[in-house]
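Take a look at the structure set out below.
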Amino acid sequence: MNRELIHIESLQMELVWFNAILENRFKSYFDPTELKSIPPPDLDNSESAYSQFIKKHDLQEDERLVIMLLLVPHLKPELLDIFFTKNASFDRGFTEFGGYLGKTHGGFLPTGETASFLITGGDVLKRPLVMKMLGSDHFFIKEGIVQVSRTSQDEPLMACPIFLSPAYINHFLMGEEMKQERSDIFPASRISTNLTWNDLVLESHIVEDIEQIKCWIENEDLLMQELGLGTKVKPGYKSLFYGPPGTGKTLTACLLGNATGRDVYRVDLSSIVSKYIGETEKNLSRIFDMAENRKWILFFDEADALFGKRTQTSSSNDRFANQEVAYLLQRVEDFPGIVILASNLKSNIDEAFSRRFQSTIYFGMPNAKNRLAIWSNIFNGPLKLDPELEMETLAKDYEISGGAAINVFRYGAIKAVRKGHNNIQQEDILEGIRKEYEKDGKTI
């Protein structure tokens with residue numbers, strides 16, 4: 001059978017069950033004698049993404065109903081038209097049905113009230129069970145599977161729109177590998193690179209340190225279980241990359257992801273750090289909760305903003321700030337995955353974090369030999385360097401990072417196209433270097 005049909009077939013079976021439950025719920029709501037028990041289909045033998053999800057999380061019937069409720073607008077939206085039934089007494093919809101209208105979608109979209117009606121049929125005693133399912137402690141929410149749109153803190157939780165993560169929609173419908181997208185509850189973006197290890201020019205001792213991380217990622221199960229490290233050390237690996245901008249910290253994280261088949265997510269610290277007490281902790285918790293059961297590499301760029309040194313306790317704000325850092329410290333230490341922190345200066349990172357890193361790697365400015373290798377890698381395509389400027393001279397005379405060299409190349413390439421040249425002119429290379437120097441307050 002076609003692989004895509006396998007995924008749709010199991011969803012079709014679940015849709016038939018969902019619709020039967022929905023129709024019976026409406027009948028029994030107006031006539032309790034109509035209430036029937038309708039068991040879900042047996043999907044144990046299915047290889048679909050949806051059935052595998054059910055087995056992995058041991059989904060109960062109520063949980064399956066919620067997932068299908070959120071899938072129906074994408075599969076067969078007309079099934080939810082029944083919720084447009086009007087309350088004749090008030091000439092309006094039933095409050096207990098919940099729901100809202102989208103900007104362009106003409107059908108009914110569910111809220112927490114919709115899920116509650118579907119599961120409880122208006123039984124107030126059962127309502128807390130649904131509220132718990134949509135609460136922060138349920139894996140639906142912790143892992144970002146189901147998202148609750150809290151447009152206003154004044155609105156009741158159950159009145160809020162609920163929807164399925166786009167990554168899970170694509171996974172269930174087509175079996176696509178899940179790629180978490182950035183959102184308000186997941187302020188991190190997946191980063192990648194088309195470059196290779198050959199494009200990363202580093203000192204041999206740094207390469208050795210990186211190989212240690214790569215080896216851990218590839219062999220963690222062997223090390224922890226078969227070789228007994230699990231009885232002596234905590235799972236996961238934490239590393240601090242520090243050094244000037246453009247020296248390869250982000251590229252190294254991406255290459256580690258490529259080499260080990262893991263997605264790398266760069267955490268947006270501006271969306272995490274909050275001036276409000278407790279908010280930073282909550283924001284970071286979402287990141288770690290969603291990443292905990294996935295094979296991701298979490299990359300905290302410019303980590304000083306989150307993992308900086310604690311202050312002397314001189315006010316209540318200082319105490320709260322220090323409590324926050326202590327909480328972060330514990331979350332990082334207990335996280336069983338891969339965490340990479342990047343900073344320009346090691347001294348900016350709180351020592352309490354530094355002591356718990358499995359490795360601390362300094363990415364320094366490349367020496368003349370490495371700068372020659374960087375320029376050689378850059379000029380290995382159709383665009384060549386002006387023969388008047390020897391690459392050895394360029395590497396010897398100008399201290400510049402790999403990232404800055406790429407910027408110089410980009411500047412020179414644009415100039416070459418504008419001038420109609422087949423190589424990058426000496427004057428444009430030097431002008432590009434001057435611009436990079438200006439960023440650091442230096443002159444050629």
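Ligands are numbered from 1 in the order shown, chains are lettered A, B, ... in the order of the structure tokens, and residues start at 1 in each chain.
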| query | Got a sec: who's within 12 Å of Ala413 of chain A, counting only C-alpha atoms, leaving out chain neighbours fewer than 6 positions off, as number ranges by chain? | reply | A: 378-379, 381-386, 406-407, 419-426, 428-429, 432
| Which distance in Å separates atom CA of Leu298 of chain A and atom CA of Arg371 of chain A, to one decimal? |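 Atom CA of Leu298 of chain A sits 29.2 Å away from atom CA of Arg371 of chain A.
Nearest to Ser136 of chain A of all the residues A:Val148, A:Val207, A:Glu399, A:Pro32 is A:Val148, based on only C-alpha atoms.
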| message | Run DSSP on the backbone and tell me which residues of segment 220-432 of chain A come out as helix (DSSP H, G or I); list them as a VMD selection string. | response | chain A and resid 220 to 226 229 to 231 249 to 260 269 to 272 279 to 291 304 to 307 316 to 334 346 to 348 351 to 354 368 to 378 391 to 397 402 to 419 426 to 432
| Polymer residues at most 10 Å from segment 168-174 of chain A, only C-alpha atoms, same-chain spacing of 2 or more positions, as an NGL selection string | :A and (3-11 or 48-53 or 67 or 70-71 or 74-75 or 144-146 or 163-166 or 176-180)
Could those residues be written to a file, using N, CA and C atoms, as a CSV table (one decimal), in the first residue's frame?
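Full text of out09.csv as output:
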```csv
chain,number,residue,atom,x,y,z
A,3,ARG,N,2.5,4.6,1.1
A,3,ARG,CA,2.8,5.0,2.4
A,3,ARG,C,1.8,6.1,2.9
A,4,GLU,N,1.5,7.0,2.0
A,4,GLU,CA,0.6,8.1,2.4
A,4,GLU,C,-0.8,7.5,2.7
A,5,LEU,N,-1.3,6.5,1.9
A,5,LEU,CA,-2.6,5.9,2.2
A,5,LEU,C,-2.7,5.2,3.5
A,6,ILE,N,-1.5,4.7,4.0
A,6,ILE,CA,-1.5,4.0,5.3
A,6,ILE,C,-1.9,5.0,6.4
A,7,HIS,N,-1.4,6.3,6.3
A,7,HIS,CA,-1.7,7.3,7.3
A,7,HIS,C,-3.1,7.7,7.2
A,8,ILE,N,-3.6,7.9,6.0
A,8,ILE,CA,-5.0,8.4,5.8
A,8,ILE,C,-6.0,7.3,6.2
A,9,GLU,N,-5.7,6.1,5.9
A,9,GLU,CA,-6.6,5.0,6.2
A,9,GLU,C,-6.9,4.9,7.7
A,10,SER,N,-5.9,5.0,8.6
A,10,SER,CA,-6.2,4.9,10.0
A,10,SER,C,-6.9,6.1,10.5
A,11,LEU,N,-6.7,7.3,9.9
A,11,LEU,CA,-7.4,8.5,10.3
A,11,LEU,C,-8.9,8.4,9.8
A,48,SER,N,0.6,3.4,10.7
A,48,SER,CA,0.5,4.9,10.4
A,48,SER,C,1.1,5.7,11.6
A,49,ALA,N,1.4,6.9,11.2
A,49,ALA,CA,2.0,7.8,12.2
A,49,ALA,C,1.0,8.1,13.4
A,50,TYR,N,-0.3,8.1,13.1
A,50,TYR,CA,-1.3,8.4,14.1
A,50,TYR,C,-1.3,7.2,15.1
A,51,SER,N,-1.4,6.0,14.5
A,51,SER,CA,-1.5,4.8,15.4
A,51,SER,C,-0.2,4.6,16.2
A,52,GLN,N,0.9,4.9,15.7
A,52,GLN,CA,2.2,4.8,16.4
A,52,GLN,C,2.2,5.9,17.6
A,53,PHE,N,1.6,7.0,17.3
A,53,PHE,CA,1.4,8.0,18.3
A,53,PHE,C,0.6,7.6,19.5
A,67,ILE,N,-7.6,14.8,20.2
A,67,ILE,CA,-6.8,14.9,19.0
A,67,ILE,C,-7.6,14.9,17.7
A,70,LEU,N,-9.3,18.2,17.0
A,70,LEU,CA,-8.4,19.3,16.4
A,70,LEU,C,-7.9,18.9,15.0
A,71,LEU,N,-8.0,17.7,14.6
A,71,LEU,CA,-7.7,17.3,13.3
A,71,LEU,C,-8.8,17.4,12.3
A,74,HIS,N,-9.0,20.0,9.6
A,74,HIS,CA,-8.0,19.8,8.5
A,74,HIS,C,-8.4,18.7,7.6
A,75,LEU,N,-9.3,17.8,8.1
A,75,LEU,CA,-9.6,16.6,7.4
A,75,LEU,C,-11.0,16.6,6.8
A,144,GLY,N,4.0,20.4,23.5
A,144,GLY,CA,3.6,21.3,22.4
A,144,GLY,C,2.7,20.6,21.4
A,145,ILE,N,2.0,19.5,21.7
A,145,ILE,CA,1.2,18.8,20.8
A,145,ILE,C,-0.1,19.6,20.6
A,146,VAL,N,-0.7,19.9,21.7
A,146,VAL,CA,-1.9,20.8,21.7
A,146,VAL,C,-1.6,22.1,22.2
A,163,PHE,N,-5.8,24.2,19.4
A,163,PHE,CA,-5.4,23.7,18.1
A,163,PHE,C,-4.2,22.8,18.1
A,164,LEU,N,-4.1,22.0,17.1
A,164,LEU,CA,-3.0,21.0,17.0
A,164,LEU,C,-1.7,21.7,16.4
A,165,SER,N,-0.6,21.3,17.0
A,165,SER,CA,0.7,21.9,16.4
A,165,SER,C,0.8,21.5,14.9
A,166,PRO,N,1.1,22.4,14.1
A,166,PRO,CA,1.3,22.2,12.6
A,166,PRO,C,2.2,21.0,12.4
A,176,GLU,N,5.1,12.8,7.8
A,176,GLU,CA,6.3,13.6,7.7
A,176,GLU,C,7.0,13.6,9.1
A,177,GLU,N,8.3,13.7,9.0
A,177,GLU,CA,9.1,13.8,10.3
A,177,GLU,C,8.7,15.2,10.9
A,178,MET,N,8.5,15.2,12.2
A,178,MET,CA,8.0,16.4,12.9
A,178,MET,C,9.2,17.4,13.0
A,179,LYS,N,8.9,18.6,12.5
A,179,LYS,CA,9.8,19.7,12.7
A,179,LYS,C,9.1,20.8,13.4
A,180,GLN,N,9.4,21.0,14.7
A,180,GLN,CA,8.7,22.0,15.5
A,180,GLN,C,9.0,23.4,14.9
```
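Residue neighbourhood of Glu431 of chain A, excluding near-sequence residues (fewer than 2 positions): Asn407, Val408, Phe409, Arg410, Tyr411, Gly412, Lys415, Ile424, Gln425, Gln426, Glu427, Asp428, Ile429, Ile433, Arg434, Lys435, Glu436, Tyr437, Glu438, Thr443 and Ile444 of chain A, at 12 Å, using only C-alpha atoms.
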Would you output that residue set with C-alpha atoms, as a compact mmCIF listing (two decimals), in the first residue's frame?
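As written to disk, again18.txt reads:
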```txt
# COMPACT_ATOMS: atom_id res chain seq x y z
CA ASN A 407 30.84 39.05 4.99
CA VAL A 408 33.84 40.49 3.13
CA PHE A 409 33.38 37.92 0.38
CA ARG A 410 29.67 38.74 0.08
CA TYR A 411 30.45 42.46 -0.16
CA GLY A 412 33.13 41.87 -2.79
CA LYS A 415 30.69 44.69 -6.14
CA ILE A 424 36.78 40.36 -6.74
CA GLN A 425 38.94 43.45 -6.90
CA GLN A 426 41.59 44.24 -4.30
CA GLU A 427 39.97 47.58 -3.46
CA ASP A 428 36.65 45.92 -2.73
CA ILE A 429 38.21 43.25 -0.52
CA ILE A 433 37.60 44.35 5.61
CA ARG A 434 37.44 48.00 6.64
CA LYS A 435 33.69 47.71 7.14
CA GLU A 436 34.16 44.62 9.29
CA TYR A 437 36.83 46.35 11.36
CA GLU A 438 34.48 49.30 11.91
CA THR A 443 40.71 50.63 11.67
CA ILE A 444 42.88 49.01 9.02
```
Backbone DSSP call of strand (DSSP E or B) for segment 124-302 of chain A, listed as an mmCIF file with all heavy atoms, in the first residue's frame:
```
data_model
loop_
_atom_site.group_PDB
_atom_site.id
_atom_site.type_symbol
_atom_site.label_atom_id
_atom_site.label_comp_id
_atom_site.auth_asym_id
_atom_site.auth_seq_id
_atom_site.Cartn_x
_atom_site.Cartn_y
_atom_site.Cartn_z
ATOM 1 N N VAL A 146 -0.731 19.931 21.699
ATOM 2 C CA VAL A 146 -1.935 20.766 21.692
ATOM 3 C C VAL A 146 -1.553 22.146 22.209
ATOM 4 O O VAL A 146 -0.818 22.267 23.187
ATOM 5 C CB VAL A 146 -3.049 20.149 22.567
ATOM 6 C CG1 VAL A 146 -4.242 21.096 22.675
ATOM 7 C CG2 VAL A 146 -3.485 18.800 21.995
ATOM 8 N N GLN A 147 -2.039 23.169 21.552
ATOM 9 C CA GLN A 147 -1.729 24.537 21.964
ATOM 10 C C GLN A 147 -3.017 25.270 22.310
ATOM 11 O O GLN A 147 -4.021 25.144 21.618
ATOM 12 C CB GLN A 147 -0.957 25.260 20.861
ATOM 13 C CG GLN A 147 0.378 24.569 20.555
ATOM 14 C CD GLN A 147 1.151 25.226 19.436
ATOM 15 O OE1 GLN A 147 0.783 26.287 18.942
ATOM 16 N NE2 GLN A 147 2.234 24.600 19.021
ATOM 17 N N VAL A 148 -2.954 26.019 23.408
ATOM 18 C CA VAL A 148 -4.085 26.814 23.870
ATOM 19 C C VAL A 148 -3.750 28.275 23.631
ATOM 20 O O VAL A 148 -2.720 28.764 24.102
ATOM 21 C CB VAL A 148 -4.367 26.567 25.364
ATOM 22 C CG1 VAL A 148 -5.551 27.409 25.833
ATOM 23 C CG2 VAL A 148 -4.637 25.084 25.625
ATOM 24 N N PRO A 161 -9.350 29.287 22.242
ATOM 25 C CA PRO A 161 -9.166 28.396 21.090
ATOM 26 C C PRO A 161 -8.097 27.352 21.376
ATOM 27 O O PRO A 161 -7.083 27.640 22.031
ATOM 28 C CB PRO A 161 -8.710 29.350 19.980
ATOM 29 C CG PRO A 161 -9.230 30.693 20.385
ATOM 30 C CD PRO A 161 -9.154 30.705 21.882
ATOM 31 N N ILE A 162 -8.309 26.163 20.907
ATOM 32 C CA ILE A 162 -7.304 25.098 21.024
ATOM 33 C C ILE A 162 -7.034 24.565 19.622
ATOM 34 O O ILE A 162 -7.930 24.478 18.783
ATOM 35 C CB ILE A 162 -7.755 23.963 21.973
ATOM 36 C CG1 ILE A 162 -9.110 23.388 21.544
ATOM 37 C CG2 ILE A 162 -7.813 24.451 23.410
ATOM 38 C CD1 ILE A 162 -9.559 22.202 22.391
ATOM 39 N N PHE A 163 -5.789 24.235 19.383
ATOM 40 C CA PHE A 163 -5.443 23.721 18.056
ATOM 41 C C PHE A 163 -4.246 22.799 18.148
ATOM 42 O O PHE A 163 -3.517 22.774 19.150
ATOM 43 C CB PHE A 163 -5.175 24.859 17.072
ATOM 44 C CG PHE A 163 -4.171 25.877 17.543
ATOM 45 C CD1 PHE A 163 -2.838 25.778 17.196
ATOM 46 C CD2 PHE A 163 -4.561 26.937 18.337
ATOM 47 C CE1 PHE A 163 -1.913 26.709 17.627
ATOM 48 C CE2 PHE A 163 -3.649 27.891 18.775
ATOM 49 C CZ PHE A 163 -2.321 27.768 18.421
ATOM 50 N N LEU A 164 -4.061 22.027 17.109
ATOM 51 C CA LEU A 164 -2.989 21.039 17.041
ATOM 52 C C LEU A 164 -1.749 21.672 16.432
ATOM 53 O O LEU A 164 -1.844 22.461 15.489
ATOM 54 C CB LEU A 164 -3.453 19.852 16.196
ATOM 55 C CG LEU A 164 -2.762 18.491 16.385
ATOM 56 C CD1 LEU A 164 -2.899 17.993 17.813
ATOM 57 C CD2 LEU A 164 -3.356 17.481 15.408
ATOM 58 N N ALA A 188 11.816 29.206 19.805
ATOM 59 C CA ALA A 188 13.082 28.682 19.296
ATOM 60 C C ALA A 188 12.917 28.361 17.822
ATOM 61 O O ALA A 188 11.839 27.951 17.384
ATOM 62 C CB ALA A 188 13.512 27.437 20.071
ATOM 63 N N SER A 189 13.978 28.546 17.058
ATOM 64 C CA SER A 189 13.935 28.320 15.613
ATOM 65 C C SER A 189 14.958 27.265 15.215
ATOM 66 O O SER A 189 16.092 27.267 15.717
ATOM 67 C CB SER A 189 14.236 29.624 14.856
ATOM 68 O OG SER A 189 13.320 30.627 15.209
ATOM 69 N N ARG A 190 14.530 26.384 14.318
ATOM 70 C CA ARG A 190 15.458 25.359 13.838
ATOM 71 C C ARG A 190 16.483 26.003 12.909
ATOM 72 O O ARG A 190 16.129 26.767 12.017
ATOM 73 C CB ARG A 190 14.687 24.260 13.106
ATOM 74 C CG ARG A 190 15.517 23.045 12.736
ATOM 75 C CD ARG A 190 14.605 21.877 12.418
ATOM 76 N NE ARG A 190 13.676 22.204 11.360
ATOM 77 C CZ ARG A 190 13.892 21.946 10.072
ATOM 78 N NH1 ARG A 190 15.043 21.381 9.689
ATOM 79 N NH2 ARG A 190 12.988 22.250 9.165
ATOM 80 N N ILE A 191 17.744 25.732 13.144
ATOM 81 C CA ILE A 191 18.812 26.286 12.313
ATOM 82 C C ILE A 191 19.584 25.146 11.666
ATOM 83 O O ILE A 191 19.666 24.043 12.198
ATOM 84 C CB ILE A 191 19.769 27.190 13.128
ATOM 85 C CG1 ILE A 191 20.388 26.422 14.309
ATOM 86 C CG2 ILE A 191 19.048 28.432 13.620
ATOM 87 C CD1 ILE A 191 21.438 27.218 15.078
ATOM 88 N N TYR A 237 24.315 16.040 27.772
ATOM 89 C CA TYR A 237 25.649 16.645 27.640
ATOM 90 C C TYR A 237 25.475 18.152 27.500
ATOM 91 O O TYR A 237 24.651 18.629 26.710
ATOM 92 C CB TYR A 237 26.371 16.083 26.410
ATOM 93 C CG TYR A 237 27.863 16.286 26.407
ATOM 94 C CD1 TYR A 237 28.726 15.247 26.753
ATOM 95 C CD2 TYR A 237 28.418 17.511 26.056
ATOM 96 C CE1 TYR A 237 30.102 15.421 26.750
ATOM 97 C CE2 TYR A 237 29.792 17.698 26.053
ATOM 98 C CZ TYR A 237 30.630 16.645 26.403
ATOM 99 O OH TYR A 237 31.996 16.829 26.405
ATOM 100 N N LYS A 238 26.233 18.894 28.302
ATOM 101 C CA LYS A 238 26.165 20.358 28.275
ATOM 102 C C LYS A 238 27.544 20.917 27.973
ATOM 103 O O LYS A 238 28.537 20.501 28.584
ATOM 104 C CB LYS A 238 25.682 20.927 29.614
ATOM 105 C CG LYS A 238 24.220 20.641 29.911
ATOM 106 C CD LYS A 238 24.014 19.268 30.508
ATOM 107 C CE LYS A 238 22.529 18.950 30.682
ATOM 108 N NZ LYS A 238 22.334 17.583 31.212
ATOM 109 N N SER A 239 27.588 21.843 27.035
ATOM 110 C CA SER A 239 28.875 22.419 26.647
ATOM 111 C C SER A 239 28.748 23.929 26.498
ATOM 112 O O SER A 239 27.701 24.447 26.095
ATOM 113 C CB SER A 239 29.347 21.812 25.318
ATOM 114 O OG SER A 239 30.628 22.305 24.970
ATOM 115 N N LEU A 240 29.820 24.629 26.850
ATOM 116 C CA LEU A 240 29.901 26.076 26.664
ATOM 117 C C LEU A 240 30.874 26.386 25.542
ATOM 118 O O LEU A 240 32.032 25.979 25.575
ATOM 119 C CB LEU A 240 30.379 26.759 27.952
ATOM 120 C CG LEU A 240 30.708 28.256 27.842
ATOM 121 C CD1 LEU A 240 29.449 29.049 27.500
ATOM 122 C CD2 LEU A 240 31.346 28.776 29.122
ATOM 123 N N PHE A 241 30.387 27.061 24.516
ATOM 124 C CA PHE A 241 31.238 27.573 23.450
ATOM 125 C C PHE A 241 31.429 29.070 23.712
ATOM 126 O O PHE A 241 30.442 29.794 23.831
ATOM 127 C CB PHE A 241 30.578 27.409 22.076
ATOM 128 C CG PHE A 241 30.406 25.990 21.597
ATOM 129 C CD1 PHE A 241 29.768 25.723 20.386
ATOM 130 C CD2 PHE A 241 30.872 24.909 22.337
ATOM 131 C CE1 PHE A 241 29.604 24.429 19.924
ATOM 132 C CE2 PHE A 241 30.700 23.609 21.890
ATOM 133 C CZ PHE A 241 30.066 23.370 20.685
ATOM 134 N N TYR A 242 32.660 29.521 23.789
ATOM 135 C CA TYR A 242 32.848 30.952 24.001
ATOM 136 C C TYR A 242 33.990 31.458 23.130
ATOM 137 O O TYR A 242 34.879 30.710 22.724
ATOM 138 C CB TYR A 242 33.100 31.265 25.480
ATOM 139 C CG TYR A 242 34.440 30.817 26.035
ATOM 140 C CD1 TYR A 242 35.477 31.732 26.205
ATOM 141 C CD2 TYR A 242 34.668 29.494 26.408
ATOM 142 C CE1 TYR A 242 36.715 31.335 26.713
ATOM 143 C CE2 TYR A 242 35.889 29.087 26.912
ATOM 144 C CZ TYR A 242 36.906 30.009 27.069
ATOM 145 O OH TYR A 242 38.131 29.608 27.561
ATOM 146 N N ASP A 263 18.058 17.685 14.956
ATOM 147 C CA ASP A 263 17.693 19.068 14.682
ATOM 148 C C ASP A 263 18.315 19.964 15.737
ATOM 149 O O ASP A 263 18.388 19.606 16.919
ATOM 150 C CB ASP A 263 16.176 19.244 14.701
ATOM 151 C CG ASP A 263 15.504 18.621 13.492
ATOM 152 O OD1 ASP A 263 16.165 18.549 12.432
ATOM 153 O OD2 ASP A 263 14.336 18.209 13.593
ATOM 154 N N VAL A 264 18.758 21.146 15.298
ATOM 155 C CA VAL A 264 19.337 22.128 16.209
ATOM 156 C C VAL A 264 18.360 23.293 16.315
ATOM 157 O O VAL A 264 17.951 23.864 15.299
ATOM 158 C CB VAL A 264 20.703 22.635 15.701
ATOM 159 C CG1 VAL A 264 21.303 23.645 16.677
ATOM 160 C CG2 VAL A 264 21.660 21.462 15.495
ATOM 161 N N TYR A 265 17.990 23.630 17.544
ATOM 162 C CA TYR A 265 17.073 24.739 17.772
ATOM 163 C C TYR A 265 17.774 25.849 18.534
ATOM 164 O O TYR A 265 18.301 25.630 19.626
ATOM 165 C CB TYR A 265 15.840 24.275 18.554
ATOM 166 C CG TYR A 265 14.837 23.555 17.683
ATOM 167 C CD1 TYR A 265 14.914 22.172 17.498
ATOM 168 C CD2 TYR A 265 13.839 24.257 17.019
ATOM 169 C CE1 TYR A 265 14.006 21.510 16.674
ATOM 170 C CE2 TYR A 265 12.931 23.602 16.194
ATOM 171 C CZ TYR A 265 13.021 22.241 16.031
ATOM 172 O OH TYR A 265 12.129 21.601 15.214
ATOM 173 N N ARG A 266 17.803 27.028 17.907
ATOM 174 C CA ARG A 266 18.385 28.197 18.568
ATOM 175 C C ARG A 266 17.280 28.896 19.359
ATOM 176 O O ARG A 266 16.274 29.331 18.799
ATOM 177 C CB ARG A 266 18.995 29.161 17.555
ATOM 178 C CG ARG A 266 19.530 30.439 18.223
ATOM 179 C CD ARG A 266 20.488 31.200 17.336
ATOM 180 N NE ARG A 266 19.948 31.435 16.008
ATOM 181 C CZ ARG A 266 20.698 31.753 14.953
ATOM 182 N NH1 ARG A 266 22.016 31.850 15.067
ATOM 183 N NH2 ARG A 266 20.146 31.965 13.775
ATOM 184 N N VAL A 267 17.497 29.011 20.655
ATOM 185 C CA VAL A 267 16.501 29.584 21.546
ATOM 186 C C VAL A 267 16.553 31.105 21.464
ATOM 187 O O VAL A 267 17.625 31.703 21.560
ATOM 188 C CB VAL A 267 16.720 29.112 22.993
ATOM 189 C CG1 VAL A 267 15.683 29.726 23.923
ATOM 190 C CG2 VAL A 267 16.666 27.586 23.067
ATOM 191 N N TRP A 296 16.887 16.519 20.101
ATOM 192 C CA TRP A 296 17.258 17.847 19.630
ATOM 193 C C TRP A 296 18.553 18.307 20.287
ATOM 194 O O TRP A 296 18.951 17.792 21.346
ATOM 195 C CB TRP A 296 16.184 18.874 19.990
ATOM 196 C CG TRP A 296 14.897 18.750 19.259
ATOM 197 C CD1 TRP A 296 14.642 18.009 18.138
ATOM 198 C CD2 TRP A 296 13.658 19.377 19.618
ATOM 199 N NE1 TRP A 296 13.328 18.150 17.763
ATOM 200 C CE2 TRP A 296 12.704 18.985 18.655
ATOM 201 C CE3 TRP A 296 13.275 20.240 20.629
ATOM 202 C CZ2 TRP A 296 11.382 19.433 18.699
ATOM 203 C CZ3 TRP A 296 11.963 20.680 20.669
ATOM 204 C CH2 TRP A 296 11.031 20.272 19.713
ATOM 205 N N ILE A 297 19.175 19.286 19.653
ATOM 206 C CA ILE A 297 20.265 20.028 20.285
ATOM 207 C C ILE A 297 19.737 21.433 20.544
ATOM 208 O O ILE A 297 19.312 22.119 19.611
ATOM 209 C CB ILE A 297 21.514 20.093 19.379
ATOM 210 C CG1 ILE A 297 22.091 18.687 19.169
ATOM 211 C CG2 ILE A 297 22.582 21.013 19.983
ATOM 212 C CD1 ILE A 297 23.248 18.636 18.172
ATOM 213 N N LEU A 298 19.711 21.840 21.816
ATOM 214 C CA LEU A 298 19.279 23.189 22.164
ATOM 215 C C LEU A 298 20.494 24.110 22.192
ATOM 216 O O LEU A 298 21.461 23.844 22.903
ATOM 217 C CB LEU A 298 18.591 23.197 23.534
ATOM 218 C CG LEU A 298 17.245 22.482 23.631
ATOM 219 C CD1 LEU A 298 16.680 22.631 25.038
ATOM 220 C CD2 LEU A 298 16.248 23.002 22.599
ATOM 221 N N PHE A 299 20.421 25.187 21.424
ATOM 222 C CA PHE A 299 21.540 26.110 21.295
ATOM 223 C C PHE A 299 21.119 27.487 21.817
ATOM 224 O O PHE A 299 20.221 28.122 21.262
ATOM 225 C CB PHE A 299 21.959 26.203 19.816
ATOM 226 C CG PHE A 299 23.128 27.113 19.566
ATOM 227 C CD1 PHE A 299 24.404 26.770 19.987
ATOM 228 C CD2 PHE A 299 22.957 28.322 18.900
ATOM 229 C CE1 PHE A 299 25.491 27.603 19.751
ATOM 230 C CE2 PHE A 299 24.028 29.160 18.655
ATOM 231 C CZ PHE A 299 25.297 28.794 19.088
ATOM 232 N N PHE A 300 21.737 27.900 22.908
ATOM 233 C CA PHE A 300 21.454 29.207 23.508
ATOM 234 C C PHE A 300 22.549 30.181 23.080
ATOM 235 O O PHE A 300 23.654 30.171 23.634
ATOM 236 C CB PHE A 300 21.414 29.102 25.035
ATOM 237 C CG PHE A 300 20.248 28.315 25.571
ATOM 238 C CD1 PHE A 300 20.307 26.932 25.677
ATOM 239 C CD2 PHE A 300 19.090 28.955 25.978
ATOM 240 C CE1 PHE A 300 19.242 26.199 26.175
ATOM 241 C CE2 PHE A 300 18.013 28.231 26.473
ATOM 242 C CZ PHE A 300 18.085 26.852 26.572
#
```
| Point-to-point distance in Å for atom CA of Pro366 of chain A and atom CA of Ile349 of chain A |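 Between atom CA of Ile349 of chain A and atom CA of Pro366 of chain A the gap works out to 23.1 Å.
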| said: Set the distance at 10 Å and use only C-alpha atoms: which residues neighbour Ile82 of chain A once local chain neighbours fewer than 4 positions away are removed? I'd like the list as a PyMOL selection string. | reply: chain A and resi 22-23+26+78+86+97+108
Emit the selected residues as a PDB file, in the first residue's frame, including N, CA and C atoms.
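Written file, out-v5.pdb:
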```
ATOM      1  N   LEU A  22     -19.724  11.946  18.185  1.00  0.00           N
ATOM      2  CA  LEU A  22     -20.256  13.304  18.110  1.00  0.00           C
ATOM      3  C   LEU A  22     -21.780  13.286  17.950  1.00  0.00           C
ATOM      4  N   GLU A  23     -22.274  12.485  17.027  1.00  0.00           N
ATOM      5  CA  GLU A  23     -23.717  12.427  16.794  1.00  0.00           C
ATOM      6  C   GLU A  23     -24.455  11.886  18.016  1.00  0.00           C
ATOM      7  N   PHE A  26     -24.721  14.519  20.777  1.00  0.00           N
ATOM      8  CA  PHE A  26     -25.800  15.482  20.564  1.00  0.00           C
ATOM      9  C   PHE A  26     -27.159  14.877  20.894  1.00  0.00           C
ATOM     10  N   GLU A  78     -16.675  19.779   7.729  1.00  0.00           N
ATOM     11  CA  GLU A  78     -18.141  19.809   7.774  1.00  0.00           C
ATOM     12  C   GLU A  78     -18.707  18.980   8.925  1.00  0.00           C
ATOM     13  N   LYS A  86     -28.570  26.102  16.792  1.00  0.00           N
ATOM     14  CA  LYS A  86     -28.940  27.283  17.579  1.00  0.00           C
ATOM     15  C   LYS A  86     -29.762  26.904  18.810  1.00  0.00           C
ATOM     16  N   PHE A  97     -21.254  24.679  23.718  1.00  0.00           N
ATOM     17  CA  PHE A  97     -20.572  24.107  22.555  1.00  0.00           C
ATOM     18  C   PHE A  97     -19.232  24.794  22.298  1.00  0.00           C
ATOM     19  N   PHE A 108     -16.613  25.660  11.756  1.00  0.00           N
ATOM     20  CA  PHE A 108     -16.560  25.786  13.209  1.00  0.00           C
ATOM     21  C   PHE A 108     -15.173  25.373  13.695  1.00  0.00           C
TER      22      PHE A 108
END
```
| field | Among listed residues A:Lys396, A:Lys142, A:Lys36, A:Lys27, nearest Asn293 of chain A (using only C-alpha atoms) | value |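 Among the listed residues, A:Lys142 lies closest to Asn293 of chain A.
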| note | Separating atom CA of Pro244 of chain A from atom CA of Asn344 of chain A, to the nearest tenth of an Å, is a gap of 5.1 Å
| Nearest to Ile213 of chain A by atom-to-atom distance, counting only C-alpha atoms, from A:Ser354, A:Thr111, A:Asn198, A:Thr360 |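 Ranking A:Ser354, A:Thr111, A:Asn198, A:Thr360 by distance to Ile213 of chain A, first place goes to A:Thr360.
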